[in-house]
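Each remark here refers to the structure printed beneath this line.
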Amino acid sequence: MTELPRGWSLRRPTLDDVPAILELVHASDIAALGYPDFSAEEVRESLTEPNTDMARDVWLALDDQHKVVGWAFPVNASATDRDFVEVYVWPERGLPAMEPLLDIILARAAERGAEFGHSPYEVRAGAVPTEKPYIQALLDRGFTFLKQHARMQMSLDGVPHTAPAPPEGVTVRLVRPDDDADMRAFHGVIQQAFLDSDHRTADYDAWRKLLDEEPVHVYDEWFVAEIDGRVVGALESSADSGDANDEGWVKRLGVLSSYRKRGVGETLLRHAFAVYASKGRAKAGLGVDMANPTQAARLYLAVGMKPLYEANVYQKVI
């Protein structure tokens, strides 16, 4: 394993490190993309997600001035046969920590695969094409290109503050956060929709526990779609919407497979856009797997969203 420079160190994070980690990630975003594209909510989630233990799975790299210059963590909320690993380093200054962190997180991924009872175990990692040193480090360790994700966005200028009427037979309403049955139905839609994604959803109890621990909620931006009284679609917005980029963020959107191609997804999106616009947000954004078998990207393009950038996804079997 590549070693850290003399005077540098590794340690485990705590939630008190969220501001320092966010500063690191924003610096990385600006170098790769030209603007920050991560939120404090996403940092907290990454540190506390089900099956991620800060004391065993997550590392910070500190330089000789004790500044956080690197962060590595895995994602596998449902303990399936795949980890998604992430490594962030401070541009230029943090590069000496990149390969040590990558080696450490890959070694831990092998342990996690055994602990979860999977052999073989797949590991995936993502990189923006401009992050050439990280891509080369992945390739040097046996990763191969798999697919691309896209970061999409649209202007909300001129978007009405009232959403258009849904298709006949479809009803859209706000989720009922105090109704356990409604929250279970919401979660069930998202869980099914994300089965083939790189960020699968945890089971209901773990998901609800994590949700209840979050300091801020925006349930007035969470919607469900019903047909014949059944929840068939769900849209979750980020509580950090607008913090960095004056943007409403569609965190998760799903429709039950037997109810797709009936306008449910578009209806949920347009309701979210109307609410974001009514709150004065300038833009709406989301991320999409370009290889998603539901062809979700087509829907986002159809409602006026455009890709800001694409990120490569690489894979390796251990």
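Identifiers in the structure tokens: chain A, B, ... in order shown; residue index from 1 per chain; ligand index from 1 in order shown.
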
Spatial neighbours of stretch 173-176 of chain A, 10 Å, only C-alpha atoms, chain gap at least 6 places, as an NGL selection string:
:A and (182-183 or 185-186 or 219-226 or 231 or 234-236 or 268 or 271)

For the structure I just gave you, how does DSSP split stretch 86-126 of chain A - specifically, which residues are helix (DSSP H, G or I)? Reply as a PyMOL selection string.
chain A and resi 95-115

If you keep all heavy atoms, can you produce a file of those selected residues as a compact mmCIF listing (two decimals), in the first residue's frame?
# COMPACT_ATOMS: atom_id res chain seq x y z
N LEU A 95 -3.44 15.10 -2.79
CA LEU A 95 -3.16 13.97 -3.68
C LEU A 95 -2.33 12.86 -3.04
O LEU A 95 -2.57 11.68 -3.32
CB LEU A 95 -2.47 14.47 -4.95
CG LEU A 95 -3.39 15.02 -6.04
CD1 LEU A 95 -2.57 15.53 -7.22
CD2 LEU A 95 -4.37 13.94 -6.52
N PRO A 96 -1.36 13.17 -2.16
CA PRO A 96 -0.62 12.08 -1.53
C PRO A 96 -1.48 11.13 -0.70
O PRO A 96 -1.05 10.01 -0.40
CB PRO A 96 0.40 12.81 -0.65
CG PRO A 96 0.59 14.13 -1.30
CD PRO A 96 -0.78 14.49 -1.83
N ALA A 97 -2.68 11.54 -0.33
CA ALA A 97 -3.56 10.68 0.46
C ALA A 97 -4.47 9.81 -0.40
O ALA A 97 -5.09 8.88 0.10
CB ALA A 97 -4.43 11.53 1.39
N MET A 98 -4.54 10.10 -1.70
CA MET A 98 -5.52 9.43 -2.55
C MET A 98 -5.30 7.92 -2.62
O MET A 98 -6.21 7.12 -2.33
CB MET A 98 -5.51 10.01 -3.96
CG MET A 98 -6.57 9.42 -4.88
SD MET A 98 -6.43 10.10 -6.55
CE MET A 98 -4.85 9.40 -7.06
N GLU A 99 -4.12 7.50 -3.01
CA GLU A 99 -3.88 6.07 -3.17
C GLU A 99 -3.87 5.33 -1.84
O GLU A 99 -4.42 4.21 -1.75
CB GLU A 99 -2.60 5.84 -3.96
CG GLU A 99 -2.73 6.29 -5.41
CD GLU A 99 -1.60 5.78 -6.30
OE1 GLU A 99 -1.33 4.57 -6.27
OE2 GLU A 99 -0.99 6.61 -7.01
N PRO A 100 -3.28 5.88 -0.77
CA PRO A 100 -3.41 5.19 0.52
C PRO A 100 -4.86 4.99 0.94
O PRO A 100 -5.23 3.91 1.41
CB PRO A 100 -2.66 6.12 1.49
CG PRO A 100 -1.66 6.81 0.64
CD PRO A 100 -2.34 7.02 -0.68
N LEU A 101 -5.70 6.01 0.78
CA LEU A 101 -7.11 5.86 1.15
C LEU A 101 -7.81 4.84 0.26
O LEU A 101 -8.63 4.04 0.73
CB LEU A 101 -7.83 7.21 1.05
CG LEU A 101 -7.53 8.22 2.15
CD1 LEU A 101 -8.18 9.57 1.82
CD2 LEU A 101 -8.04 7.72 3.50
N LEU A 102 -7.50 4.85 -1.03
CA LEU A 102 -8.12 3.88 -1.93
C LEU A 102 -7.73 2.46 -1.56
O LEU A 102 -8.58 1.56 -1.53
CB LEU A 102 -7.71 4.19 -3.37
CG LEU A 102 -8.30 3.29 -4.46
CD1 LEU A 102 -9.82 3.26 -4.41
CD2 LEU A 102 -7.82 3.73 -5.84
N ASP A 103 -6.47 2.24 -1.24
CA ASP A 103 -6.04 0.90 -0.85
C ASP A 103 -6.72 0.45 0.44
O ASP A 103 -7.13 -0.70 0.58
CB ASP A 103 -4.51 0.86 -0.67
CG ASP A 103 -3.78 0.93 -2.00
OD1 ASP A 103 -4.39 0.56 -3.03
OD2 ASP A 103 -2.61 1.33 -2.01
N ILE A 104 -6.84 1.37 1.39
CA ILE A 104 -7.47 1.03 2.67
C ILE A 104 -8.94 0.68 2.47
O ILE A 104 -9.44 -0.31 3.01
CB ILE A 104 -7.32 2.21 3.65
CG1 ILE A 104 -5.88 2.31 4.14
CG2 ILE A 104 -8.26 2.03 4.85
CD1 ILE A 104 -5.61 3.57 4.93
N ILE A 105 -9.66 1.48 1.67
CA ILE A 105 -11.09 1.23 1.51
C ILE A 105 -11.34 -0.04 0.71
O ILE A 105 -12.32 -0.76 0.93
CB ILE A 105 -11.80 2.46 0.89
CG1 ILE A 105 -13.32 2.39 1.14
CG2 ILE A 105 -11.52 2.61 -0.58
CD1 ILE A 105 -13.72 2.51 2.58
N LEU A 106 -10.44 -0.38 -0.23
CA LEU A 106 -10.59 -1.62 -0.97
C LEU A 106 -10.33 -2.83 -0.07
O LEU A 106 -11.03 -3.86 -0.18
CB LEU A 106 -9.66 -1.64 -2.17
CG LEU A 106 -10.01 -0.67 -3.29
CD1 LEU A 106 -8.99 -0.76 -4.42
CD2 LEU A 106 -11.41 -0.94 -3.83
N ALA A 107 -9.35 -2.72 0.81
CA ALA A 107 -9.10 -3.81 1.75
C ALA A 107 -10.30 -4.00 2.67
O ALA A 107 -10.71 -5.12 2.98
CB ALA A 107 -7.84 -3.53 2.56
N ARG A 108 -10.88 -2.89 3.10
CA ARG A 108 -12.06 -2.98 3.96
C ARG A 108 -13.26 -3.54 3.19
O ARG A 108 -14.07 -4.28 3.76
CB ARG A 108 -12.39 -1.59 4.53
CG ARG A 108 -13.62 -1.56 5.43
CD ARG A 108 -13.47 -2.44 6.65
NE ARG A 108 -14.73 -2.55 7.38
CZ ARG A 108 -15.20 -3.66 7.90
NH1 ARG A 108 -14.52 -4.80 7.79
NH2 ARG A 108 -16.35 -3.66 8.54
N ALA A 109 -13.38 -3.21 1.92
CA ALA A 109 -14.47 -3.75 1.11
C ALA A 109 -14.40 -5.28 1.06
O ALA A 109 -15.43 -5.96 1.12
CB ALA A 109 -14.43 -3.16 -0.29
N ALA A 110 -13.19 -5.82 0.94
CA ALA A 110 -13.04 -7.28 0.93
C ALA A 110 -13.54 -7.87 2.25
O ALA A 110 -14.22 -8.91 2.27
CB ALA A 110 -11.59 -7.65 0.68
N GLU A 111 -13.21 -7.21 3.35
CA GLU A 111 -13.68 -7.67 4.66
C GLU A 111 -15.20 -7.57 4.76
O GLU A 111 -15.86 -8.47 5.27
CB GLU A 111 -13.03 -6.85 5.77
CG GLU A 111 -11.53 -7.01 5.87
CD GLU A 111 -10.90 -6.05 6.86
OE1 GLU A 111 -11.60 -5.11 7.32
OE2 GLU A 111 -9.72 -6.25 7.19
N ARG A 112 -15.75 -6.48 4.25
CA ARG A 112 -17.19 -6.29 4.31
C ARG A 112 -17.92 -7.35 3.50
O ARG A 112 -18.96 -7.87 3.91
CB ARG A 112 -17.56 -4.89 3.80
CG ARG A 112 -17.29 -3.79 4.80
CD ARG A 112 -17.25 -2.40 4.17
NE ARG A 112 -18.46 -2.05 3.45
CZ ARG A 112 -19.55 -1.51 4.00
NH1 ARG A 112 -19.57 -1.28 5.31
NH2 ARG A 112 -20.59 -1.18 3.25
N GLY A 113 -17.38 -7.69 2.33
CA GLY A 113 -17.99 -8.74 1.54
C GLY A 113 -18.10 -10.04 2.31
O GLY A 113 -19.14 -10.72 2.29
N ALA A 114 -17.02 -10.40 3.01
CA ALA A 114 -17.04 -11.63 3.82
C ALA A 114 -18.02 -11.50 4.98
O ALA A 114 -18.77 -12.44 5.29
CB ALA A 114 -15.63 -11.91 4.34
N GLU A 115 -18.05 -10.33 5.62
CA GLU A 115 -18.97 -10.13 6.74
C GLU A 115 -20.42 -10.19 6.31
O GLU A 115 -21.28 -10.68 7.05
CB GLU A 115 -18.67 -8.78 7.41
CG GLU A 115 -17.34 -8.75 8.14
CD GLU A 115 -16.94 -7.34 8.56
OE1 GLU A 115 -17.76 -6.40 8.39
OE2 GLU A 115 -15.82 -7.17 9.07

List every residue of stretch 33-247 of chain A that DSSP, applied to the backbone of this structure, places in strand (DSSP E or B), and write the result as a PyMOL selection string.
chain A and resi 59-62+68-75+82-89+122-127+144-155+170-174+223-227+230-237+247

Show which residues sit within 12 Å of A:Lys306, as a PyMOL selection string. Count only C-alpha atoms, and ignore same-chain residues fewer than 5 positions away.
chain A and resi 150-155+283-288+297-301

Generate the output file for the selected residues, N, CA, C and O atoms, as a PDB file, in the first residue's frame.
ATOM      1  N   ALA A 150     -25.305  10.699 -14.855  1.00  0.00           N
ATOM      2  CA  ALA A 150     -25.398  12.095 -15.290  1.00  0.00           C
ATOM      3  C   ALA A 150     -25.990  12.944 -14.183  1.00  0.00           C
ATOM      4  O   ALA A 150     -26.905  12.519 -13.467  1.00  0.00           O
ATOM      5  N   ARG A 151     -25.459  14.149 -14.043  1.00  0.00           N
ATOM      6  CA  ARG A 151     -26.000  15.161 -13.141  1.00  0.00           C
ATOM      7  C   ARG A 151     -26.840  16.091 -14.009  1.00  0.00           C
ATOM      8  O   ARG A 151     -26.328  16.716 -14.939  1.00  0.00           O
ATOM      9  N   MET A 152     -28.153  16.138 -13.738  1.00  0.00           N
ATOM     10  CA  MET A 152     -29.059  16.887 -14.595  1.00  0.00           C
ATOM     11  C   MET A 152     -29.649  18.079 -13.855  1.00  0.00           C
ATOM     12  O   MET A 152     -29.775  18.074 -12.635  1.00  0.00           O
ATOM     13  N   GLN A 153     -30.021  19.093 -14.643  1.00  0.00           N
ATOM     14  CA  GLN A 153     -30.537  20.319 -14.053  1.00  0.00           C
ATOM     15  C   GLN A 153     -31.444  21.028 -15.050  1.00  0.00           C
ATOM     16  O   GLN A 153     -31.338  20.825 -16.261  1.00  0.00           O
ATOM     17  N   MET A 154     -32.355  21.858 -14.534  1.00  0.00           N
ATOM     18  CA  MET A 154     -33.157  22.720 -15.391  1.00  0.00           C
ATOM     19  C   MET A 154     -33.458  24.014 -14.652  1.00  0.00           C
ATOM     20  O   MET A 154     -33.499  24.059 -13.420  1.00  0.00           O
ATOM     21  N   SER A 155     -33.670  25.070 -15.413  1.00  0.00           N
ATOM     22  CA  SER A 155     -34.070  26.346 -14.836  1.00  0.00           C
ATOM     23  C   SER A 155     -35.551  26.287 -14.456  1.00  0.00           C
ATOM     24  O   SER A 155     -36.367  25.674 -15.154  1.00  0.00           O
ATOM     25  N   LYS A 283     -33.397  26.693  -9.726  1.00  0.00           N
ATOM     26  CA  LYS A 283     -33.129  25.508 -10.538  1.00  0.00           C
ATOM     27  C   LYS A 283     -33.671  24.276  -9.844  1.00  0.00           C
ATOM     28  O   LYS A 283     -33.941  24.281  -8.637  1.00  0.00           O
ATOM     29  N   ALA A 284     -33.804  23.201 -10.614  1.00  0.00           N
ATOM     30  CA  ALA A 284     -34.103  21.873 -10.081  1.00  0.00           C
ATOM     31  C   ALA A 284     -33.043  20.921 -10.613  1.00  0.00           C
ATOM     32  O   ALA A 284     -32.600  21.039 -11.761  1.00  0.00           O
ATOM     33  N   GLY A 285     -32.634  19.976  -9.777  1.00  0.00           N
ATOM     34  CA  GLY A 285     -31.588  19.051 -10.196  1.00  0.00           C
ATOM     35  C   GLY A 285     -31.808  17.658  -9.659  1.00  0.00           C
ATOM     36  O   GLY A 285     -32.577  17.436  -8.721  1.00  0.00           O
ATOM     37  N   LEU A 286     -31.091  16.709 -10.269  1.00  0.00           N
ATOM     38  CA  LEU A 286     -31.113  15.312  -9.824  1.00  0.00           C
ATOM     39  C   LEU A 286     -29.967  14.572 -10.497  1.00  0.00           C
ATOM     40  O   LEU A 286     -29.313  15.074 -11.408  1.00  0.00           O
ATOM     41  N   GLY A 287     -29.733  13.350 -10.046  1.00  0.00           N
ATOM     42  CA  GLY A 287     -28.750  12.470 -10.668  1.00  0.00           C
ATOM     43  C   GLY A 287     -29.435  11.258 -11.251  1.00  0.00           C
ATOM     44  O   GLY A 287     -30.450  10.797 -10.730  1.00  0.00           O
ATOM     45  N   VAL A 288     -28.880  10.720 -12.357  1.00  0.00           N
ATOM     46  CA  VAL A 288     -29.513   9.578 -13.011  1.00  0.00           C
ATOM     47  C   VAL A 288     -28.454   8.626 -13.548  1.00  0.00           C
ATOM     48  O   VAL A 288     -27.405   9.049 -14.042  1.00  0.00           O
ATOM     49  N   ALA A 297     -33.541   8.574 -17.882  1.00  0.00           N
ATOM     50  CA  ALA A 297     -32.969   9.781 -18.492  1.00  0.00           C
ATOM     51  C   ALA A 297     -33.897  10.363 -19.545  1.00  0.00           C
ATOM     52  O   ALA A 297     -33.958  11.590 -19.726  1.00  0.00           O
ATOM     53  N   ARG A 298     -34.626   9.508 -20.258  1.00  0.00           N
ATOM     54  CA  ARG A 298     -35.549  10.010 -21.281  1.00  0.00           C
ATOM     55  C   ARG A 298     -36.616  10.900 -20.667  1.00  0.00           C
ATOM     56  O   ARG A 298     -36.999  11.927 -21.233  1.00  0.00           O
ATOM     57  N   LEU A 299     -37.115  10.492 -19.507  1.00  0.00           N
ATOM     58  CA  LEU A 299     -38.131  11.292 -18.822  1.00  0.00           C
ATOM     59  C   LEU A 299     -37.566  12.652 -18.441  1.00  0.00           C
ATOM     60  O   LEU A 299     -38.206  13.692 -18.665  1.00  0.00           O
ATOM     61  N   TYR A 300     -36.373  12.672 -17.894  1.00  0.00           N
ATOM     62  CA  TYR A 300     -35.797  13.933 -17.431  1.00  0.00           C
ATOM     63  C   TYR A 300     -35.512  14.872 -18.598  1.00  0.00           C
ATOM     64  O   TYR A 300     -35.711  16.085 -18.487  1.00  0.00           O
ATOM     65  N   LEU A 301     -35.073  14.323 -19.699  1.00  0.00           N
ATOM     66  CA  LEU A 301     -34.870  15.149 -20.886  1.00  0.00           C
ATOM     67  C   LEU A 301     -36.206  15.688 -21.399  1.00  0.00           C
ATOM     68  O   LEU A 301     -36.311  16.836 -21.836  1.00  0.00           O
TER      69      LEU A 301
END

Å distance separating atom CA of A:Asn312 from atom CA of A:Leu60, one decimal place
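So the two atoms, atom CA of A:Asn312 and atom CA of A:Leu60, lie 23.9 Å apart.
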
Residues within 8 Å of A:Pro13, only C-alpha atoms, excluding chain neighbours under 6 positions, as number ranges by chain:
A: 54-55, 58-60

Distance criterion (only C-alpha atoms): nearest to A:Pro164 out of A:Met305, A:Val25, A:Ala272, A:Leu210
A:Ala272

Pick the closest to A:Glu213 from A:Leu195, A:Ala125, A:His161, A:Arg44: which is it, counting only C-alpha atoms?
A:Arg44

Identify which of the residues A:Ser278, A:Asp53, A:Gly169, A:Arg200 lies closest to A:Asp83, counting only C-alpha atoms when measuring atom-to-atom distances.
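Smallest distance to A:Asp83 is found for A:Arg200.
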
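Minimum atom-to-atom distances from A:Ala296, A:Ala163, A:Ala277, A:Ile21 to A:Gly265 were compared using only C-alpha atoms, and the lowest value belongs to A:Ala296.
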
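Going from atom CA of A:Arg6 to atom CA of A:Phe143 covers 28.9 Å.
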
For atom CA of A:Tyr314 and atom CA of A:Leu24, the interatomic separation in Å (one decimal):
22.8 Å

At a cut-off of 6 Å, using only C-alpha atoms, what residues contact A:Phe84? Leave out same-chain residues fewer than 3 positions from it and give the result as a PyMOL selection string.
chain A and resi 74-75+123-125

Test item: residues at most 12 Å from A:Lys261, only C-alpha atoms, excluding those fewer than 2 positions along its chain, as JSON, numbers by chain:
{"A": [167, 233, 255, 256, 257, 258, 259, 263, 264, 265, 266, 267, 294, 295, 296, 298, 299]}

Hey, what's within 9 Å of A:Gly7 if we count only C-alpha atoms and toss same-chain stuff fewer than 2 positions away? As a PyMOL selection string, please?
chain A and resi 4-5+9+62-66

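The closest residue to A:Glu92, picked from A:Pro50, A:Ala127, A:Pro215, A:Ala32 and counting only C-alpha atoms, is A:Ala32.
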
For A:Arg141, which residue among A:Gln315, A:Arg270, A:Val69, A:Tyr204 is the nearest when counting only C-alpha atoms?
A:Gln315
